[in-house]
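Here's the structure we're looking at; comments come further down.
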Amino acid sequence: MNGYEVIHEKSPAFYDRYLRKDELQQQTHYCPGCGHGIVHKLIAEALTDLGLQDRTILVSPVGCSVFAYYYFDVGNVQVAHGRAPAAATALKRSRPESIVISYQGDGDLAAIGTAEIVHAANRGENICVFFVNNSVYGMTGGQMAPTSLIGEVTTTSPWGRRASNEGLPLHVCELLAALETPTYIERVALNDMKNIMKAKRAVKKALQIQKDGGGFSLVEILSPCPTIMKMDPVVARNWVGETLVKAFPLGVFRDRRPELPPGPKIPVKTVAEALEVEESAPEIASPRRHHTRDLTLKIAGFGGQGILLMGQLLAEMALREQMEVSWLPSYGPEMRSGSAHCHVSLSHERIGSPLITQPEVLIAMNELSLHKFAASVVSGGLILYNHTELPVGFSAPQARVVCVPASEIADRLGSAKVANVVMLAALLEETECLPAESAISVLETVVKNPRLLELNRQAMKAGRDYVDTEIEVGAVSQPDGYSY
Amino acid sequence: MRQLCKGNVAIVKGAVLAGCRAFYGYPITPASEIAEYAALLIPEVGGTFLQAESEVSAINMVYGASSAGMRVMSASSGPGLSLMQEGISYIAGSELPCVLVDVVRGGPGLGNIAPEQSDYFSMVKGGGHGCYRNLVLAPASVQEMFDLTVLAFDLADRYRNPVVIMTDGFVGQMMEPLDIKMRNIEQPAKDWAVKGTAETRKNLITSIFLETDVLEAHVNKLEAKYQLAQELETRCDEYLTEDADVLLVGFGIVSRVLRSTVDQLRAQGLKAGLFRPITLWPFPSRELCKTAQHVKSVMVVELNTGMMVQDVKLALNGTVPVEFYGRTGGNVPAAEEVTAQVFARMSALV
Ligand SMILES: Cc1ncc(C[n+]2csc(CCOP(=O)(O)OP(=O)(O)O)c2C)c(N)n1
Ligand code: SF4
């Protein structure tokens with residue numbers, strides 16, 4: 001048509017007419033003699049030879065090849081500058097049957113996208129990267145690239161690239177060959193027919209590897225950019241052969257499948273299992289309601305005393321008693337300092353703030369927390385303190401303070417770890433906010449080890465007994481036990 | 001069946017129910033827990049979890065997975081979301097659906113990991129370049145962390161646009177009852193996606209439109225979607241607003257505090273009510289105007305120096321005086337503190 005022979009020979013992996021272009025729909029937007037056009041051809045031919053056209057997803061970069069999708073009659077995804085390997089990673093993982101190509105220039109891959117290419121290579125992503133190194137930024141008008149040569153004049157290296165200012169040219173193949181995971185890395189050049197044929201074989205080989213599920217491959221293609229170099233196409237091609245190839249030696253840098261250690265097997269779950277939902281769990285028609293009451297608590301102490309867990313046990317109990325409940329932990333730097341506290345709100349109504357600044361009950365598992373939070377307890381509230389007696393000089397006139405030596409009791413039972421359960425039992429006995437049976441039933445689901453479960457049972461009993469026998473009833477401030 | 005669940009975990013569970021089988025993330029406190037839980041759950045149900053080399057990569061992986069037609073998500077916090085902004089703009093420009101979680105932390109800079117709502121501008125107003133919007137949802141309970149995540153995937157697909165769940169470390173760390181109703185969630189066919197198949201071979205995902213008129217037409221097309229979302233997707237919640245003289249406005253964790261404040265104020269004889277935007281974009285302006293019709297004044301409370309208050313003022317357009325109270329640095333005011341603020345401003349408020 002119109003004497004464009006090249007059109008008739010065009011690979012079927014290209015569109016017949018480039019309808020995505022606004023004008024000149026018979027020809028590409030690349031300058032005469034540009035390497036991109038040749039690389040496109042090599043890729044298209046290889047796709048056709050290997051029968052991969054339908055399966056291919058071409059990821060085009062930002063650079064002169066941003067419009068690769070004008071030409072390739074394959075699935076096309078255009079991405080942000082430098083990020084093609086990241087997008088390609090997810091495309092391939094999402095569609096393992098597809099053939100994913102990350103097509104990138106040297107600014108795209110070796111400057112802004114260095115992190116993405118290194119990590120995609122290191123993960124051994126099963127993709128092909130075709131890396132066009134023309135030693136300059138073409139699209140933006142000839143700025144310096146990480147692959148620009150020493151002395152190369154560009155618009156941002158007007159005196160020529162200086163090693164002292166911009167470092168030496170970046171050798172991507174050599175860099176990536178330091179990694180264990182890539183399968184195939186080769187550098188080729190488009191300077192003459194012989195090398196173009198080599199480039200063709202390299203491109204095809206990379207695609208074949210992906211087709212076979214063989215892992216990561218990258219082909220770096222030294223390429224002419226006559227326009228920016230202000231050379232005519234033939235001179236530019238020769239410059240690649242005579243100058244660029246000298247700085248970037250051609251060759252195969254990696255050609256073997258990596259030997260990767262086998263990974264663990266991941267368990268397979270149904271959605272219901274993953275969500276911890278019993279699909280056929282009967283809806284509880286009329287919940288068994290024990291006597292429960294609304295309560296706000298702050299539980300505080302050292303990390304390792306099971307502070308957060310105590311709160312969670314309470315929350316789980318409330319949940320099973322069909323109450324509303326919120327549990328909010330302290331988190332961040334405070335946890336590092338060794339303190340921990342949590343807020344628990346038990347309610348029969350929808351709960352407002354889960355942040356409890358004026359708790360009705362403070363459980364202070366150590367002296368520090370007692371001092372820190374006692375004053376915040378509401379008037380008429382309760383403080384449970386993990387000790388036989390209050391520290392000298394301490395007073396909290398607004399609240400009733402009950403000393404329960406939970407750690408001591410737990411030690412006597414044989415494990416300091418159950419101090420939190422001793423205290424939980426004391427709390428339940430003292431406030432009757434939730435039934436002790438409920439605590440036992442929660443412990444039965446949470447504690448799998450029978451010996452530990454027995455210990456927890458004993459801790460529950462010890463905490464309750466302590467409150468029943470050791471705490472003077474006379475200390476109760478209100479007629480019904482206490483009041484908030 | 002109710003289960004005791006942490007907010008961050010509820011998000012992942014919601015995603016799994018919604019059919020999300022791709023998670024690409026990068027750790028940052030206080031959002032890491034979401035990635036950690038996704039790393040556990042998503043592969044178990046046959047999906048992909050990948051810890052990317054940065055948030056820049058993570059968002060571009062989200063771009064890739066979404067291009068391939070997957071329901072995909074990521075989660076991060078301030079510094080990470082800042083890095084993602086270019087990618088978010090590309091995702092909106094290329095009309096790709098995705099769900100992003102911002103567990104907002106204190107800023108600017110490295111700030112701290114305590115709760116703030118200071119990403120309101122960057123999430124609600126855009127943050128990246130160009131004329132686009134994020135749909136932004138603000139859960140205030142563990143149940144909503146789950147429900148709004150399911151909704152987010154639905155909205156993302158319906159509008160082919162990023163949907164952000166904007167929350168904070170308190171709602172993320174909090175444990176509350178979660179009721180999961182098992183159901184099958186239909187996903188749209190996504191015949192626009194690039195799946196590496198003969199049927200999708202002609203498809204193209206891109207955000208570049210060189211011709212001025214073509215780009216303008218594209219921007220107008222996006223804008224039409226955003227207009228539709230403003231028409232259809234505003235969501236809010238109200239508490240004791242019917243006879244309120246003072247209307248408190250807050251979202252997320254603040255709305256929980258304000259609910260308690262309303263109770264305290266009413267106990268002290270002041271008729272207060274709560275208006276809680278659930279969608280921060282589209283902002284429930286119509287609903288707010290209606291509710292605010294009979295109130296004497298409005299007080300907005302936020303964990304920032306005054307961001308959503310601008311949208312409240314725009315919505316009310318001078319019809320009602322608007323007061324603001326903000327805390328930052330990770331300080332979440334107690335209900336009593338806000339109550340005191342209301343009384344301190346009584347002359348301005350009533
Ligand atoms: C984030 C970002 N920064 C900068 C640019 C501008 N930009 C577009 S292409 C390009 C360089 C392209 O050079 P290269 O990758 O070598 O491709 P070539 O054009 O030479 O084929 C730059 C800097 C951009 N689009 N996005
Ligand atoms: S500027 Fe260079 S790289 Fe870009 S199309 Fe022209 S010759 Fe090719």
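Residue numbering restarts at 1 in every chain; chains get A, B, ... in the order shown in the structure tokens, and ligands count up from 1 in that same order.
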### Message
Set the distance at 12 Å and use only C-alpha atoms: which residues neighbour stretch 10-12 of chain A once local chain neighbours fewer than 5 positions away are removed? I'd like the list as a ChimeraX atom specification.
### Response
/A:4-5,17,26-27,37-38,40-49,51-54,71-74
### Query
So which residues of stretch 12-173 of chain B fall under strand (DSSP E or B) by DSSP, listed as a PyMOL selection string?
chain B and resi 22-25+48-51+72-76+98-106+112-115+135-137+162-168
### Counting only C-alpha atoms, chain A residues within 7 Å of chain B, as a ChimeraX atom specification
/A:54-57,73-78,83,86-91,94-95,98-99,116,119,266-271,274-275,277,279,281,283,316,319,325-329,332,352-353,357
I need the residues from that last selection saved to file as an mmCIF file, in the first residue's frame (with C-alpha atoms), if you can.
```cif
data_model
loop_
_atom_site.group_PDB
_atom_site.id
_atom_site.type_symbol
_atom_site.label_atom_id
_atom_site.label_comp_id
_atom_site.auth_asym_id
_atom_site.auth_seq_id
_atom_site.Cartn_x
_atom_site.Cartn_y
_atom_site.Cartn_z
ATOM 1 C CA ASP A 54 -2.530 -13.481 22.377
ATOM 2 C CA ARG A 55 -0.900 -14.096 25.736
ATOM 3 C CA THR A 56 1.393 -11.104 25.736
ATOM 4 C CA ILE A 57 1.106 -8.070 27.966
ATOM 5 C CA ASP A 73 -1.268 -5.751 18.788
ATOM 6 C CA VAL A 74 -1.015 -7.303 22.262
ATOM 7 C CA GLY A 75 -2.443 -6.423 25.657
ATOM 8 C CA ASN A 76 -0.946 -3.077 26.612
ATOM 9 C CA VAL A 77 -0.338 -1.394 29.944
ATOM 10 C CA GLN A 78 1.379 1.966 30.091
ATOM 11 C CA ARG A 83 7.980 1.423 37.551
ATOM 12 C CA ALA A 86 6.809 -3.385 39.576
ATOM 13 C CA ALA A 87 3.694 -3.311 37.411
ATOM 14 C CA ALA A 88 5.003 -6.252 35.383
ATOM 15 C CA THR A 89 5.573 -8.207 38.598
ATOM 16 C CA ALA A 90 1.944 -7.853 39.614
ATOM 17 C CA LEU A 91 0.610 -8.432 36.101
ATOM 18 C CA SER A 94 -2.080 -11.964 38.585
ATOM 19 C CA ARG A 95 -2.054 -13.749 35.221
ATOM 20 C CA SER A 98 0.455 -14.405 30.326
ATOM 21 C CA ILE A 99 3.767 -13.359 28.809
ATOM 22 C CA GLU A 116 12.271 -1.690 40.851
ATOM 23 C CA HIS A 119 14.179 -6.182 43.157
ATOM 24 C CA ILE A 266 1.106 -22.753 52.545
ATOM 25 C CA PRO A 267 -2.066 -24.196 54.060
ATOM 26 C CA VAL A 268 -5.161 -23.928 51.905
ATOM 27 C CA LYS A 269 -8.253 -22.505 53.568
ATOM 28 C CA THR A 270 -11.782 -21.730 52.528
ATOM 29 C CA VAL A 271 -12.906 -18.141 52.893
ATOM 30 C CA ALA A 274 -9.842 -17.734 56.864
ATOM 31 C CA LEU A 275 -12.448 -15.418 58.331
ATOM 32 C CA VAL A 277 -16.626 -17.994 60.640
ATOM 33 C CA GLU A 279 -20.683 -21.230 58.061
ATOM 34 C CA ALA A 281 -23.224 -21.701 63.111
ATOM 35 C CA GLU A 283 -27.804 -17.792 65.194
ATOM 36 C CA GLU A 316 -14.180 -12.022 74.877
ATOM 37 C CA LEU A 319 -18.823 -10.725 73.670
ATOM 38 C CA VAL A 325 -17.389 -4.199 74.256
ATOM 39 C CA SER A 326 -14.315 -2.282 73.193
ATOM 40 C CA TRP A 327 -10.680 -3.003 73.959
ATOM 41 C CA LEU A 328 -8.007 -0.459 73.172
ATOM 42 C CA PRO A 329 -4.320 -1.061 73.900
ATOM 43 C CA GLY A 332 4.042 2.537 70.275
ATOM 44 C CA GLY A 352 -18.919 5.839 72.421
ATOM 45 C CA SER A 353 -15.288 6.557 73.095
ATOM 46 C CA THR A 357 -9.638 8.574 80.528
#
```
Selection as a tab-separated table (two decimals) with C-alpha atoms, in the first residue's frame: residues within 9 Å of ligand 2 by only C-alpha atoms and all ligand atoms:
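Final output, saved to part16.tsv:
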```tsv
chain	number	residue	atom	x	y	z
A	29	HIS	CA	6.56	8.12	15.82
A	30	TYR	CA	10.21	7.15	16.15
A	31	CYS	CA	12.86	9.21	14.39
A	32	PRO	CA	14.54	7.69	11.34
A	33	GLY	CA	17.34	5.39	12.48
A	34	CYS	CA	16.05	5.11	16.03
A	35	GLY	CA	16.89	1.86	17.81
A	36	HIS	CA	13.42	1.57	19.32
A	37	GLY	CA	11.93	0.74	15.93
A	63	GLY	CA	10.37	7.59	27.50
A	64	CYS	CA	10.32	7.66	23.73
A	65	SER	CA	8.74	4.20	23.77
A	105	GLY	CA	14.87	3.00	28.43
A	132	VAL	CA	17.08	0.03	25.46
A	134	ASN	CA	20.84	4.77	24.03
A	136	VAL	CA	20.64	9.68	26.72
A	137	TYR	CA	17.17	10.77	27.67
A	138	GLY	CA	15.47	10.87	24.31
A	139	MET	CA	11.94	11.87	25.11
A	140	THR	CA	12.75	14.84	27.28
A	141	GLY	CA	15.20	16.26	24.77
A	142	GLY	CA	18.64	14.90	25.45
A	223	SER	CA	20.84	1.51	20.58
A	224	PRO	CA	21.28	4.58	18.42
A	225	CYS	CA	19.45	7.83	19.06
A	226	PRO	CA	20.42	9.87	16.00
A	227	THR	CA	18.22	12.82	16.88
A	228	ILE	CA	19.68	13.59	20.27
A	229	MET	CA	23.20	12.71	19.17
A	233	PRO	CA	21.31	7.41	11.19
```
### Query
What's the 12 Å shell around stretch 366-379 of chain A, counting only C-alpha atoms, without same-chain residues fewer than 4 positions away, as a PyMOL selection string?
(chain A and resi 295-305+307+338-343+356-362+383-407+419-420+477+482-484) or (chain B and resi 334)
### Query
Distance atom CA of B:Arg133-atom CA of B:Leu222, one decimal place?
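Interatomic distance here is 8.9 Å.
Distance check against B:Met346 using only C-alpha atoms: of B:Asp147, B:Lys290, B:Leu265, B:Asp311, the minimum falls on B:Leu265.
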### Task
Could you check which of B:Gly111, B:Gly252, B:Gly306, B:Gly128 is closest to ligand 1, using only C-alpha atoms and all ligand atoms?
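The answer is B:Gly128, which sits nearest to ligand 1.
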### Nearest to ligand 1, chosen from A:Leu50, A:Val447, A:Ala120, A:Ile221, with only C-alpha atoms and all ligand atoms counted in the distances
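Distance minimum relative to ligand 1 lands on A:Ile221.
Closest approach to ligand 1 among B:Thr234, B:Thr291, B:Gln85, B:Thr241 is made by B:Gln85 (distances from only C-alpha atoms and all ligand atoms).
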### Close residues, B:Gln117 itself excluded, 7 Å, only C-alpha atoms, min 5 positions apart in chain, as a ChimeraX atom specification
/B:104,302-304
### Message
Between atom CA of A:Ala115 and atom CA of A:Phe253, what distance in Å does the model show, to one decimal?
### Response
20.0 Å
### Query
Suppose you want the space between atom CA of A:Glu186 and atom CA of A:Arg201; what is it in Å?
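We find that atom CA of A:Glu186 and atom CA of A:Arg201 lie 10.6 Å from each other.
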### Task
From stretch 60-274 of chain B, collect each residue whose DSSP state is alpha helix (DSSP H) and return the set as an MDAnalysis selection string.
chainID B and resid 60:67 78:93 120:124 142:159 169:173 212:232 253:267
How about saving the chosen residues, C-alpha atoms kept, as a JSON list (two decimals), in the first residue's frame?
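Result file part-v1.json:
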```json
[["chain", "number", "residue", "atom", "x", "y", "z"],
["B", 60, "ASN", "CA", 2.75, 0.37, 40.94],
["B", 61, "MET", "CA", 2.23, -3.31, 41.70],
["B", 62, "VAL", "CA", -1.31, -2.37, 42.68],
["B", 63, "TYR", "CA", -1.51, -0.65, 39.30],
["B", 64, "GLY", "CA", -0.31, -3.79, 37.57],
["B", 65, "ALA", "CA", -2.62, -6.17, 39.40],
["B", 66, "SER", "CA", -5.58, -3.89, 38.85],
["B", 67, "SER", "CA", -4.74, -3.65, 35.15],
["B", 78, "GLY", "CA", 1.49, 9.10, 56.03],
["B", 79, "PRO", "CA", 5.07, 8.82, 54.71],
["B", 80, "GLY", "CA", 4.16, 5.77, 52.62],
["B", 81, "LEU", "CA", 1.03, 7.37, 51.22],
["B", 82, "SER", "CA", 3.08, 10.43, 50.28],
["B", 83, "LEU", "CA", 5.33, 8.19, 48.21],
["B", 84, "MET", "CA", 2.32, 6.56, 46.59],
["B", 85, "GLN", "CA", 0.77, 9.77, 45.34],
["B", 86, "GLU", "CA", 2.18, 9.62, 41.81],
["B", 87, "GLY", "CA", 0.90, 6.07, 41.46],
["B", 88, "ILE", "CA", -2.52, 6.98, 42.82],
["B", 89, "SER", "CA", -2.81, 9.72, 40.23],
["B", 90, "TYR", "CA", -1.89, 7.22, 37.49],
["B", 91, "ILE", "CA", -4.44, 4.76, 38.83],
["B", 92, "ALA", "CA", -7.18, 7.38, 38.78],
["B", 93, "GLY", "CA", -6.04, 8.62, 35.36],
["B", 120, "TYR", "CA", -7.42, 14.61, 55.27],
["B", 121, "PHE", "CA", -6.13, 17.02, 52.65],
["B", 122, "SER", "CA", -3.79, 14.56, 50.95],
["B", 123, "MET", "CA", -6.40, 11.80, 50.76],
["B", 124, "VAL", "CA", -9.66, 13.73, 50.41],
["B", 142, "VAL", "CA", -14.20, -2.60, 63.97],
["B", 143, "GLN", "CA", -17.46, -3.61, 62.31],
["B", 144, "GLU", "CA", -17.15, -0.65, 59.96],
["B", 145, "MET", "CA", -13.53, -1.47, 59.21],
["B", 146, "PHE", "CA", -14.90, -4.73, 57.81],
["B", 147, "ASP", "CA", -18.09, -3.45, 56.19],
["B", 148, "LEU", "CA", -16.52, -0.40, 54.60],
["B", 149, "THR", "CA", -13.68, -2.49, 53.18],
["B", 150, "VAL", "CA", -16.23, -4.69, 51.44],
["B", 151, "LEU", "CA", -18.00, -1.56, 50.23],
["B", 152, "ALA", "CA", -14.70, -0.03, 49.14],
["B", 153, "PHE", "CA", -14.02, -2.85, 46.68],
["B", 154, "ASP", "CA", -17.50, -2.51, 45.32],
["B", 155, "LEU", "CA", -17.19, 1.26, 44.88],
["B", 156, "ALA", "CA", -13.70, 0.93, 43.39],
["B", 157, "ASP", "CA", -15.00, -1.40, 40.70],
["B", 158, "ARG", "CA", -18.15, 0.61, 40.11],
["B", 159, "TYR", "CA", -16.28, 3.89, 39.62],
["B", 169, "GLY", "CA", -4.05, 3.56, 64.99],
["B", 170, "PHE", "CA", -6.84, 3.61, 67.54],
["B", 171, "VAL", "CA", -9.50, 2.14, 65.30],
["B", 172, "GLY", "CA", -6.82, -0.14, 63.86],
["B", 173, "GLN", "CA", -5.65, -1.46, 67.23],
["B", 212, "THR", "CA", -5.43, 18.75, 24.46],
["B", 213, "ASP", "CA", -9.02, 18.10, 23.47],
["B", 214, "VAL", "CA", -8.70, 14.38, 23.99],
["B", 215, "LEU", "CA", -7.28, 14.87, 27.46],
["B", 216, "GLU", "CA", -9.97, 17.38, 28.28],
["B", 217, "ALA", "CA", -12.62, 14.91, 27.18],
["B", 218, "HIS", "CA", -10.98, 12.30, 29.40],
["B", 219, "VAL", "CA", -10.90, 14.67, 32.37],
["B", 220, "ASN", "CA", -14.55, 15.49, 31.75],
["B", 221, "LYS", "CA", -15.37, 11.82, 31.68],
["B", 222, "LEU", "CA", -13.67, 11.36, 35.05],
["B", 223, "GLU", "CA", -15.46, 14.42, 36.38],
["B", 224, "ALA", "CA", -18.81, 13.00, 35.29],
["B", 225, "LYS", "CA", -18.07, 9.91, 37.38],
["B", 226, "TYR", "CA", -17.20, 12.10, 40.34],
["B", 227, "GLN", "CA", -20.44, 14.04, 39.92],
["B", 228, "LEU", "CA", -22.32, 10.78, 39.93],
["B", 229, "ALA", "CA", -20.51, 9.66, 43.07],
["B", 230, "GLN", "CA", -21.45, 12.93, 44.74],
["B", 231, "GLU", "CA", -25.03, 12.24, 43.78],
["B", 232, "LEU", "CA", -25.14, 8.64, 44.94],
["B", 253, "ILE", "CA", -12.18, 7.79, 66.20],
["B", 254, "VAL", "CA", -13.19, 11.37, 66.98],
["B", 255, "SER", "CA", -16.82, 10.55, 66.28],
["B", 256, "ARG", "CA", -16.63, 7.89, 68.98],
["B", 257, "VAL", "CA", -15.34, 10.43, 71.45],
["B", 258, "LEU", "CA", -18.02, 12.90, 70.35],
["B", 259, "ARG", "CA", -20.76, 10.35, 70.92],
["B", 260, "SER", "CA", -19.70, 10.24, 74.57],
["B", 261, "THR", "CA", -19.45, 14.03, 74.59],
["B", 262, "VAL", "CA", -23.02, 14.31, 73.34],
["B", 263, "ASP", "CA", -24.16, 12.10, 76.24],
["B", 264, "GLN", "CA", -22.20, 14.20, 78.71],
["B", 265, "LEU", "CA", -23.53, 17.47, 77.33],
["B", 266, "ARG", "CA", -27.11, 16.21, 77.38],
["B", 267, "ALA", "CA", -26.63, 15.03, 80.97]]
```
Spatial neighbours of B:Phe283, max dist 10 Å, only C-alpha atoms, sep filter under 2 positions, as an mmCIF file with C-alpha atoms, in the first residue's frame:
```cif
data_model
loop_
_atom_site.group_PDB
_atom_site.id
_atom_site.type_symbol
_atom_site.label_atom_id
_atom_site.label_comp_id
_atom_site.auth_asym_id
_atom_site.auth_seq_id
_atom_site.Cartn_x
_atom_site.Cartn_y
_atom_site.Cartn_z
ATOM 1 C CA VAL B 124 -9.663 13.727 50.409
ATOM 2 C CA LEU B 135 -13.400 8.120 47.239
ATOM 3 C CA VAL B 136 -12.614 8.200 50.958
ATOM 4 C CA LEU B 137 -14.325 6.179 53.665
ATOM 5 C CA GLN B 230 -21.455 12.927 44.739
ATOM 6 C CA GLU B 233 -22.445 7.750 47.396
ATOM 7 C CA THR B 234 -22.539 10.150 50.326
ATOM 8 C CA ARG B 235 -22.890 8.353 53.617
ATOM 9 C CA CYS B 236 -23.199 9.645 57.155
ATOM 10 C CA PRO B 277 -19.425 11.781 57.841
ATOM 11 C CA ILE B 278 -18.703 8.200 56.762
ATOM 12 C CA THR B 279 -17.699 9.243 53.260
ATOM 13 C CA LEU B 280 -15.183 12.072 53.480
ATOM 14 C CA TRP B 281 -15.287 12.255 49.712
ATOM 15 C CA SER B 285 -22.856 18.181 52.334
ATOM 16 C CA ARG B 286 -26.563 17.843 51.568
ATOM 17 C CA GLU B 287 -27.151 15.691 54.613
ATOM 18 C CA LEU B 288 -25.175 18.060 56.814
ATOM 19 C CA MET B 308 -12.562 18.811 57.292
ATOM 20 C CA ASP B 311 -15.704 21.229 53.885
ATOM 21 C CA VAL B 312 -18.191 21.782 56.683
ATOM 22 C CA ALA B 315 -21.386 22.965 52.879
#
```
